[in-house]
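Have a look at upload.cif below; it lists mmCIF, C-alpha atoms.
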```
data_run
loop_
_atom_site.label_atom_id
_atom_site.label_comp_id
_atom_site.auth_asym_id
_atom_site.auth_seq_id
_atom_site.Cartn_x
_atom_site.Cartn_y
_atom_site.Cartn_z
CA MET A 249 160.57 33.26 121.21
CA SER A 250 162.05 34.83 124.34
CA LEU A 251 161.19 33.42 127.75
CA LEU A 252 159.19 36.52 128.73
CA SER A 253 157.22 36.48 125.47
CA PHE A 254 156.54 32.78 125.89
CA VAL A 255 155.20 33.32 129.43
CA LYS A 256 153.07 36.29 128.34
CA ASP A 257 151.52 34.43 125.41
CA ASN A 258 150.82 31.24 127.40
CA LEU A 259 150.26 32.53 130.94
CA ARG A 260 146.79 30.98 131.25
CA TRP A 261 148.00 27.43 130.66
CA LEU A 262 151.36 27.79 132.38
CA SER A 263 149.51 28.99 135.49
CA VAL A 264 147.61 25.70 135.62
CA GLY A 265 150.85 23.71 135.79
CA PHE A 266 152.21 26.13 138.39
CA LEU A 267 149.13 25.93 140.65
CA LEU A 268 148.95 22.14 140.51
CA ALA A 269 152.62 21.92 141.45
CA LEU A 270 152.11 24.42 144.27
CA VAL A 271 149.09 22.75 145.84
CA SER A 272 150.69 19.31 145.57
CA ALA A 273 152.78 20.49 148.55
CA PHE A 274 150.17 19.19 151.01
CA GLY A 275 150.91 15.64 149.89
CA GLN A 276 154.67 16.08 149.63
CA THR A 277 157.08 14.75 152.24
CA TYR A 278 158.67 18.14 152.88
CA PHE A 279 155.29 19.36 154.17
CA ILE A 280 154.03 16.25 155.95
CA SER A 281 157.37 15.80 157.72
CA ILE A 282 157.18 19.13 159.56
CA PHE A 283 154.47 17.42 161.63
CA SER A 284 156.50 14.21 162.16
CA GLY A 285 157.46 15.07 165.72
CA ASP A 286 153.86 15.96 166.62
CA ILE A 287 152.48 12.79 165.04
CA ARG A 288 155.06 10.55 166.72
CA ARG A 289 154.35 12.14 170.12
CA GLN A 290 150.57 11.97 169.61
CA PHE A 291 150.63 8.25 168.83
CA ASP A 292 153.84 7.24 170.67
CA LEU A 293 155.66 6.07 167.53
CA SER A 294 159.37 5.43 166.99
CA ASN A 295 161.17 6.65 163.86
CA GLY A 296 160.92 3.14 162.42
CA GLU A 297 157.21 2.75 163.23
CA TRP A 298 156.33 6.13 161.74
CA GLY A 299 158.54 5.34 158.75
CA ALA A 300 156.75 2.00 158.28
CA ILE A 301 153.34 3.69 158.33
CA TYR A 302 154.57 6.22 155.81
CA THR A 303 156.03 3.48 153.63
CA VAL A 304 152.84 1.40 153.52
CA GLY A 305 150.62 4.40 152.78
CA THR A 306 152.95 5.76 150.12
CA ALA A 307 153.58 2.38 148.47
CA THR A 308 149.84 1.79 148.22
CA SER A 309 149.44 5.19 146.59
CA ALA A 310 152.05 4.09 144.02
CA VAL A 311 149.88 1.09 143.12
CA LEU A 312 146.90 3.41 142.67
CA MET A 313 148.98 5.62 140.38
CA VAL A 314 149.65 2.68 138.04
CA TRP A 315 145.94 1.94 137.94
CA LEU A 316 144.47 5.47 137.78
CA GLY A 317 147.24 7.70 136.44
CA GLY A 318 146.31 6.94 132.84
CA ILE A 319 142.99 8.81 133.13
CA VAL A 320 144.83 11.96 132.07
CA ASP A 321 144.95 10.43 128.57
CA ARG A 322 141.14 10.19 128.49
CA PHE A 323 139.80 13.29 130.25
CA ARG A 324 140.58 16.98 130.00
CA VAL A 325 142.45 18.66 132.83
CA ARG A 326 139.52 20.83 133.88
CA VAL A 327 137.43 17.69 134.47
CA ILE A 328 140.04 15.92 136.61
CA VAL A 329 141.21 18.89 138.72
CA PRO A 330 138.12 19.20 141.00
CA VAL A 331 138.22 15.46 141.76
CA VAL A 332 141.96 15.37 142.54
CA LEU A 333 142.06 18.55 144.62
CA GLY A 334 138.79 17.68 146.36
CA LEU A 335 140.36 14.38 147.43
CA LEU A 336 143.48 16.24 148.58
CA ALA A 337 141.40 18.59 150.73
CA LEU A 338 139.52 15.61 152.20
CA ALA A 339 142.87 13.98 153.03
CA CYS A 340 144.00 17.15 154.85
CA VAL A 341 140.79 17.13 156.92
CA ALA A 342 141.37 13.45 157.70
CA MET A 343 144.87 14.24 158.98
CA ALA A 344 143.43 16.98 161.20
CA MET A 345 140.91 14.55 162.71
CA VAL A 346 142.84 11.26 162.83
CA SER A 347 142.59 9.64 166.27
CA ALA A 348 144.36 6.27 165.92
CA ALA A 349 147.78 5.23 164.67
CA TRP A 350 146.37 2.54 162.37
CA ALA A 351 144.26 5.17 160.57
CA LEU A 352 147.40 7.09 159.62
CA VAL A 353 148.06 4.56 156.84
CA GLY A 354 144.85 5.56 155.05
CA VAL A 355 145.48 9.26 155.60
CA ILE A 356 149.01 9.05 154.21
CA LEU A 357 147.67 7.03 151.28
CA MET A 358 145.18 9.79 150.38
CA LEU A 359 147.66 12.62 150.88
CA ARG A 360 150.37 10.97 148.80
CA PHE A 361 148.06 9.80 146.01
CA ALA A 362 146.20 13.09 145.57
CA GLY A 363 149.11 15.43 146.29
CA GLN A 364 152.48 13.99 145.37
CA GLY A 365 150.91 11.61 142.88
CA MET A 366 147.98 12.94 140.86
CA ALA A 367 148.35 16.72 141.29
CA SER A 368 152.01 16.60 140.26
CA HIS A 369 151.32 14.08 137.48
CA LEU A 370 148.42 16.05 136.05
CA GLY A 371 150.38 19.31 135.90
CA ALA A 372 153.47 17.75 134.31
CA VAL A 373 151.51 15.79 131.68
CA ALA A 374 149.55 18.92 130.77
CA MET A 375 152.75 20.93 130.26
CA ALA A 376 154.46 18.18 128.25
CA ARG A 377 151.40 17.58 126.08
CA TRP A 378 150.29 21.18 125.52
CA PHE A 379 153.76 22.34 124.44
CA THR A 380 156.12 20.69 121.96
CA ALA A 381 158.91 22.98 120.74
CA SER A 382 158.92 24.78 124.11
CA ARG A 383 158.25 21.71 126.27
CA GLY A 384 161.33 22.28 128.45
CA LYS A 385 160.42 25.89 129.20
CA ALA A 386 156.80 24.97 129.95
CA LEU A 387 157.79 22.19 132.35
CA ALA A 388 160.30 24.45 134.09
CA ILE A 389 157.82 27.30 134.53
CA GLY A 390 155.08 24.99 135.76
CA ALA A 391 157.52 23.40 138.19
CA LEU A 392 158.17 26.78 139.80
CA GLY A 393 155.12 25.88 141.87
CA PHE A 394 157.14 23.12 143.53
CA ALA A 395 159.89 25.61 144.38
CA LEU A 396 157.46 28.13 145.86
CA GLY A 397 155.75 25.42 147.89
CA GLU A 398 159.07 24.15 149.25
CA SER A 399 160.19 27.63 150.27
CA LEU A 400 156.85 28.98 151.51
CA PHE A 401 154.86 26.27 153.25
CA PRO A 402 157.38 24.59 155.61
CA LEU A 403 158.69 27.87 157.02
CA THR A 404 155.18 29.33 157.32
CA PHE A 405 153.58 26.31 158.94
CA VAL A 406 156.49 25.67 161.34
CA ALA A 407 156.14 29.30 162.47
CA LEU A 408 152.34 28.94 162.80
CA LYS A 409 152.83 25.92 165.07
CA ARG A 410 153.87 28.38 167.79
CA TRP A 411 150.29 29.68 167.96
CA PHE A 412 148.07 26.90 166.61
CA ASP A 413 147.67 23.20 167.29
CA TRP A 414 149.14 21.11 164.51
CA GLN A 415 145.77 19.55 163.70
CA ASN A 416 144.22 22.95 163.04
CA LEU A 417 146.92 23.73 160.49
CA TRP A 418 145.75 20.78 158.40
CA PHE A 419 142.30 22.40 158.21
CA LEU A 420 144.05 25.47 156.77
CA ALA A 421 145.77 23.26 154.19
CA ALA A 422 142.37 21.83 153.18
CA VAL A 423 140.96 25.33 152.64
CA LEU A 424 143.94 26.30 150.47
CA ALA A 425 143.57 23.15 148.34
CA LEU A 426 139.89 23.85 147.77
CA ALA A 427 140.57 27.50 146.93
CA VAL A 428 142.71 26.49 143.93
CA ILE A 429 139.89 24.55 142.23
CA PRO A 430 137.78 27.51 140.99
CA VAL A 431 140.92 29.36 139.88
CA ILE A 432 142.02 26.49 137.62
CA VAL A 433 138.49 25.93 136.30
CA ILE A 434 138.31 29.61 135.31
CA LEU A 435 141.76 29.48 133.70
CA LEU A 436 140.73 26.47 131.65
CA ARG A 437 137.50 27.89 130.31
CA HIS A 438 139.57 28.08 127.13
CA GLU A 439 141.74 24.97 127.20
CA ARG A 440 144.41 24.35 124.58
CA THR A 441 142.87 24.17 121.09
CA PRO A 442 142.01 20.93 119.25
CA GLN A 443 144.48 21.97 116.55
CA ALA A 444 147.25 22.10 119.13
CA LEU A 445 146.23 18.71 120.46
CA ALA A 446 146.22 17.24 116.96
CA GLU A 447 149.63 18.71 116.26
CA GLN A 448 151.11 17.21 119.41
CA ASP A 449 149.93 13.72 118.34
CA ASP A 450 152.46 13.90 115.50
CA VAL A 451 155.35 14.08 117.98
CA ALA A 452 156.62 10.51 118.15
CA GLY A 453 159.38 8.90 120.18
CA MET A 454 161.97 6.26 119.40
CA GLY A 455 161.56 4.67 115.98
CA ARG A 456 159.08 7.41 114.98
CA ARG A 457 156.27 5.75 116.93
CA HIS A 458 154.06 6.39 119.94
CA TRP A 459 154.93 3.82 122.57
CA THR A 460 152.29 2.25 124.79
CA ARG A 461 152.88 1.39 128.44
CA MET A 462 153.42 -2.28 127.58
CA ASP A 463 155.88 -1.33 124.81
CA ALA A 464 157.86 0.71 127.34
CA LEU A 465 157.90 -2.16 129.85
CA ARG A 466 159.29 -4.53 127.22
CA HIS A 467 162.16 -2.18 126.32
CA PRO A 468 165.39 -2.25 128.40
CA LEU A 469 165.63 1.56 128.53
CA PHE A 470 162.78 1.81 131.04
CA TRP A 471 164.39 -0.64 133.45
CA LEU A 472 167.83 0.97 133.15
CA VAL A 473 166.24 4.31 134.09
CA VAL A 474 164.29 2.90 137.06
CA PRO A 475 167.20 3.19 139.59
CA ALA A 476 167.59 6.87 138.63
CA LEU A 477 163.85 7.42 139.04
CA MET A 478 163.90 5.96 142.52
CA GLY A 479 167.08 7.64 143.79
CA PRO A 480 166.04 11.30 144.22
CA SER A 481 162.50 10.42 145.31
CA ALA A 482 163.75 7.93 147.91
CA PHE A 483 166.58 9.92 149.43
CA ILE A 484 165.50 13.55 149.06
CA THR A 485 162.25 12.33 150.60
CA SER A 486 164.26 10.70 153.40
CA PHE A 487 166.10 13.96 154.02
CA PHE A 488 162.89 15.96 154.40
CA PHE A 489 161.17 13.16 156.31
CA LEU A 490 164.03 12.96 158.82
CA GLN A 491 164.61 16.70 159.13
CA VAL A 492 163.70 16.72 162.84
CA HIS A 493 165.97 13.71 163.51
CA LEU A 494 168.81 15.28 161.49
CA ALA A 495 168.56 18.63 163.26
CA THR A 496 168.70 16.88 166.63
CA LEU A 497 171.65 14.74 165.51
CA LYS A 498 173.61 17.79 164.36
CA GLY A 499 172.67 19.93 167.36
CA TRP A 500 170.74 22.47 165.26
CA SER A 501 167.28 23.83 165.99
CA HIS A 502 164.55 22.57 163.69
CA LEU A 503 163.66 26.12 162.66
CA SER A 504 167.28 26.92 161.73
CA LEU A 505 167.37 23.90 159.43
CA VAL A 506 163.98 24.74 157.92
CA ALA A 507 165.27 28.28 157.32
CA LEU A 508 167.67 26.79 154.75
CA PHE A 509 164.81 25.38 152.68
CA PRO A 510 164.32 28.63 150.70
CA LEU A 511 167.94 28.21 149.54
CA PHE A 512 167.07 24.71 148.37
CA SER A 513 164.03 26.11 146.58
CA GLY A 514 165.99 28.97 145.02
CA MET A 515 168.72 26.70 143.66
CA SER A 516 166.21 24.16 142.39
CA THR A 517 164.37 27.00 140.64
CA VAL A 518 167.55 28.09 138.85
CA ALA A 519 168.27 24.49 137.91
CA MET A 520 164.71 24.02 136.64
CA LEU A 521 164.82 27.08 134.40
CA LEU A 522 168.30 26.39 133.01
CA SER A 523 167.56 22.72 132.41
CA GLY A 524 164.27 23.64 130.75
CA LEU A 525 166.13 25.85 128.28
CA ALA A 526 168.73 23.10 127.80
CA VAL A 527 166.03 20.51 127.04
CA ASP A 528 164.64 22.69 124.25
CA ARG A 529 168.13 23.21 122.80
CA ILE A 530 169.85 19.82 123.12
CA GLY A 531 167.20 17.33 124.24
CA THR A 532 167.26 15.13 127.33
CA ALA A 533 169.77 12.46 126.29
CA ARG A 534 172.86 14.48 127.23
CA LEU A 535 171.40 15.59 130.57
CA MET A 536 170.03 12.30 131.90
CA PRO A 537 173.36 10.61 132.79
CA LEU A 538 174.63 13.66 134.74
CA TYR A 539 171.79 15.02 136.83
CA LEU A 540 172.18 12.64 139.82
CA LEU A 541 175.81 13.53 140.52
CA PRO A 542 175.21 16.81 142.45
CA LEU A 543 172.83 14.91 144.74
CA ALA A 544 175.48 12.28 145.45
CA ILE A 545 178.03 14.97 146.33
CA GLY A 546 175.44 16.79 148.44
CA PHE A 547 174.84 13.73 150.61
CA LEU A 548 178.58 13.26 151.09
CA VAL A 549 178.91 16.89 152.24
CA LEU A 550 175.88 16.63 154.53
CA SER A 551 177.23 13.46 156.14
CA VAL A 552 180.22 15.36 157.55
CA ALA A 553 178.65 18.84 157.96
CA GLN A 554 178.86 20.25 161.47
CA SER A 555 177.86 23.81 160.59
CA LEU A 556 174.77 25.25 158.97
CA ALA A 557 177.03 26.79 156.31
CA LEU A 558 178.12 23.34 155.13
CA ALA A 559 174.53 22.17 155.38
CA ALA A 560 173.57 25.05 153.08
CA LEU A 561 176.19 23.92 150.54
CA ALA A 562 174.85 20.37 150.71
CA LEU A 563 171.28 21.56 150.19
CA ALA A 564 172.36 23.69 147.22
CA LEU A 565 173.94 20.65 145.56
CA MET A 566 170.90 18.50 146.30
CA ALA A 567 168.69 21.22 144.86
CA LEU A 568 170.52 21.10 141.53
CA THR A 569 169.44 17.51 141.06
CA ALA A 570 165.93 18.20 142.37
CA GLY A 571 165.45 21.05 139.90
CA VAL A 572 166.83 19.22 136.87
CA ASN A 573 164.86 16.10 137.83
CA THR A 574 161.61 18.06 137.68
CA THR A 575 162.06 19.13 134.06
CA VAL A 576 164.35 16.61 132.38
CA ILE A 577 162.57 13.44 133.51
CA ASN A 578 159.15 14.75 132.45
CA ALA A 579 160.49 15.81 129.05
CA PHE A 580 162.35 12.51 128.67
CA TRP A 581 159.16 10.43 128.48
CA ALA A 582 157.67 12.58 125.72
CA GLU A 583 160.95 12.72 123.79
CA PHE A 584 161.74 9.01 123.88
CA TYR A 585 158.25 7.47 123.95
CA GLY A 586 156.02 10.02 122.19
CA THR A 587 152.99 11.91 123.49
CA ARG A 588 149.94 9.85 122.53
CA HIS A 589 150.15 7.55 125.58
CA LEU A 590 152.18 9.95 127.70
CA GLY A 591 149.78 9.90 130.65
CA SER A 592 149.83 6.13 131.12
CA ILE A 593 153.61 5.82 130.64
CA LYS A 594 154.37 8.72 132.94
CA ALA A 595 151.89 7.36 135.50
CA LEU A 596 154.03 4.21 135.63
CA ALA A 597 157.15 6.34 136.12
CA VAL A 598 155.40 8.39 138.82
CA ALA A 599 154.43 5.14 140.53
CA VAL A 600 158.11 4.11 140.56
CA MET A 601 159.08 7.48 142.04
CA VAL A 602 156.27 7.35 144.60
CA PHE A 603 157.36 3.81 145.51
CA GLY A 604 160.90 5.17 145.93
CA SER A 605 159.57 7.86 148.25
CA ALA A 606 157.88 5.07 150.21
CA VAL A 607 161.00 2.93 150.48
CA GLY A 608 163.31 5.80 151.46
CA PRO A 609 161.76 6.83 154.81
CA GLY A 610 160.95 3.24 155.75
CA LEU A 611 164.44 1.97 155.00
CA THR A 612 166.32 4.85 156.62
CA GLY A 613 163.99 4.77 159.64
CA TRP A 614 164.59 1.02 160.02
CA PHE A 615 168.36 1.58 160.07
CA ILE A 616 168.01 4.43 162.57
CA ASP A 617 166.06 2.19 164.94
CA ARG A 618 168.97 -0.27 164.70
CA GLY A 619 171.57 2.32 165.62
CA VAL A 620 172.73 3.49 162.18
CA ALA A 621 172.30 7.27 162.13
CA PHE A 622 171.05 8.92 158.97
CA THR A 623 174.40 10.67 158.52
CA GLU A 624 176.15 7.29 158.49
CA GLN A 625 173.79 6.06 155.76
CA MET A 626 174.60 8.97 153.45
CA VAL A 627 177.82 7.48 152.02
CA ALA A 628 175.93 4.38 150.87
CA ILE A 629 173.24 6.65 149.40
CA ALA A 630 175.89 8.53 147.40
CA ILE A 631 177.31 5.27 146.02
CA TYR A 632 173.84 4.15 144.96
CA LEU A 633 173.27 7.44 143.11
CA ILE A 634 176.55 7.13 141.21
CA LEU A 635 175.66 3.57 140.14
CA ALA A 636 172.16 4.72 139.10
CA SER A 637 173.71 7.49 137.02
CA SER A 638 175.86 4.92 135.21
CA SER A 639 172.77 2.77 134.56
CA VAL A 640 170.75 5.57 132.99
CA GLY A 641 173.78 6.65 130.95
CA LEU A 642 174.02 3.16 129.48
CA GLY A 643 170.31 2.99 128.68
CA VAL A 644 170.06 6.43 127.09
CA GLY A 645 173.29 5.91 125.16
CA LEU A 646 171.87 2.79 123.51
CA ALA A 647 168.36 4.17 122.92
CA ARG A 648 169.10 7.66 121.56
CA LYS A 649 170.03 6.18 118.17
CA ARG A 650 166.34 5.39 117.67
CA LEU A 651 165.00 8.88 118.36
CA SER A 652 162.91 10.36 115.59
CA LEU A 653 164.51 13.73 116.33
CA PRO A 654 168.19 14.39 117.13
CA ALA A 655 168.99 14.17 120.84
#
```
Written as structure tokens, how would this file's structure read?
Amino acid sequence: MSLLSFVKDNLRWLSVGFLLALVSAFGQTYFISIFSGDIRRQFDLSNGEWGAIYTVGTATSAVLMVWLGGIVDRFRVRVIVPVVLGLLALACVAMAMVSAAWALVGVILMLRFAGQGMASHLGAVAMARWFTASRGKALAIGALGFALGESLFPLTFVALKRWFDWQNLWFLAAVLALAVIPVIVILLRHERTPQALAEQDDVAGMGRRHWTRMDALRHPLFWLVVPALMGPSAFITSFFFLQVHLATLKGWSHLSLVALFPLFSGMSTVAMLLSGLAVDRIGTARLMPLYLLPLAIGFLVLSVAQSLALAALALALMALTAGVNTTVINAFWAEFYGTRHLGSIKALAVAVMVFGSAVGPGLTGWFIDRGVAFTEQMVAIAIYLILASSSVGLGVGLARKRLSLPA
């Protein structure tokens, strides 16, 4: 089936994945961080103090993901969506009305759990579970919502800050989150058929079995993949979180740096679509050991970039990893561990990634407060990513022999 035919025949369900990815923006670092300067000024916070608040809130949301992420195995998407997006809208209102620095921890917790955590998790699990032979394409098309959010919301909201107080813009975000709920409920009046759900249950992972969360935790593959899970979430998050600091360090205006984000989104979109097609053709095993390398090179380029042109090159390289990460990782869990317990296993993986996104800003902010600029940290980040790539290559190389289908 051609890509266009696939989209036409499955538009209703693909749109659900797309919308959940799009609206997750309000809990993503690239959106929250455009208000970093305003929040730090409002509450008189240093980079390290704001990073610590962000770390605690995000890390706590990771714990909640381990506990609650498995509900997607027990309830249909249309039942969970109003709860998740309602909580996201409430979190946006809380950010608009927050009046004390200590309360920011709870606000960040809600934003990260409902947005980056559950909205993203719910959309990806739905795509991976609803589609089998075309899982890669479905994940890639659903993930286009991330790309649109990255390109649309930061530029739009930074521009709107010229005319509106930053708190009022969070009320707008709440309205947009609520507006998506009835759209998804209408789209899912006819959810995927029971026959399709029964068919997907026959798709097993390694050893022709459906792995539980505890099975995955006892297997070395999961732990060898953990550094790769944490790398992009920790350090791409750090980049977006520290965008104001980085622009100041390089002598660029914040708006000129944000203007490069559509390039990041465009390249990640291309990478998502191509990697989605590749997943359906060759599986995830060949892609997993390679996808971190463009990000490592991107950080090396950004560390020495003095012009926006070099910054654009760095962002393009980083976007390649971001795009592939969106599709390949989500397909990896279904391919290697099966689909029956996909929600609970992927919730654990999402918790690791969310924890990485908590550690990244806190760690980089701590070093900045001690005189180590973010650009000076980027070489160490690149080395970590190369080592993580070697770790996942080792794990996948050993485990692929047990796949029930060729990798």
With a cut-off of 10 Å, could you pull out the residues of region 411-511 of chain A touching region 566-571 of chain A and give me the nearest pair of atoms for each, distance in Å to one decimal, using only C-alpha atoms, ordered by chain and ascending number, as a Markdown table?
```
| residue | atom | partner | partner_atom | distance |
| --- | --- | --- | --- | --- |
| A:Pro480 | CA | A:Ala570 | CA | 7.1 |
| A:Ser481 | CA | A:Ala570 | CA | 9.0 |
| A:Ile484 | CA | A:Met566 | CA | 7.8 |
| A:Phe509 | CA | A:Ala567 | CA | 9.7 |
| A:Leu511 | CA | A:Ala567 | CA | 8.4 |
```
>> Suppose a student applies the PyMOL selection byres ((chain A and resi 268-283) around 8) to this structure; what residues should they get, written as number ranges by chain?
In response: A: 264-267, 284-287, 336, 340, 359-364, 367-368, 370-371, 390-398, 401-402, 406, 414, 421, 424-425, 428, 485, 488-492
>> Please determine, counting only C-alpha atoms, which residue among A:Ile530, A:Leu541, A:Ile593, A:Val627 has the shortest atom-to-atom distance to Leu465 (chain A).
In response: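 Checking each of A:Ile530, A:Leu541, A:Ile593, A:Val627 against Leu465 (chain A), counting only C-alpha atoms, the winner is A:Ile593.
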>> If we count all atoms listed in the file and set the cut-off at 6 Å, which residues sit around region 468-479 of chain A, ignoring sequence neighbours fewer than 6 positions away in its own chain? Please answer as a PyMOL selection string.
In response: chain A and resi 601+604+636+639-640+643
Suppose we keep C-alpha atoms; can you now write the selection as a PDB file, in the frame of the given file?
```
ATOM      1  CA  MET A 601     159.080   7.480 142.040  1.00  0.00           C
ATOM      2  CA  GLY A 604     160.900   5.170 145.930  1.00  0.00           C
ATOM      3  CA  ALA A 636     172.160   4.720 139.100  1.00  0.00           C
ATOM      4  CA  SER A 639     172.770   2.770 134.560  1.00  0.00           C
ATOM      5  CA  VAL A 640     170.750   5.570 132.990  1.00  0.00           C
ATOM      6  CA  GLY A 643     170.310   2.990 128.680  1.00  0.00           C
TER       7      GLY A 643
END
```
> With all atoms listed in the file as the atoms that count, which of A:Ser501, A:Ser382, A:Asn573, A:Thr496 lies nearest to Ala519 (chain A)?
Replying inline: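 Of the candidates, the smallest distance to Ala519 (chain A) is held by A:Asn573.
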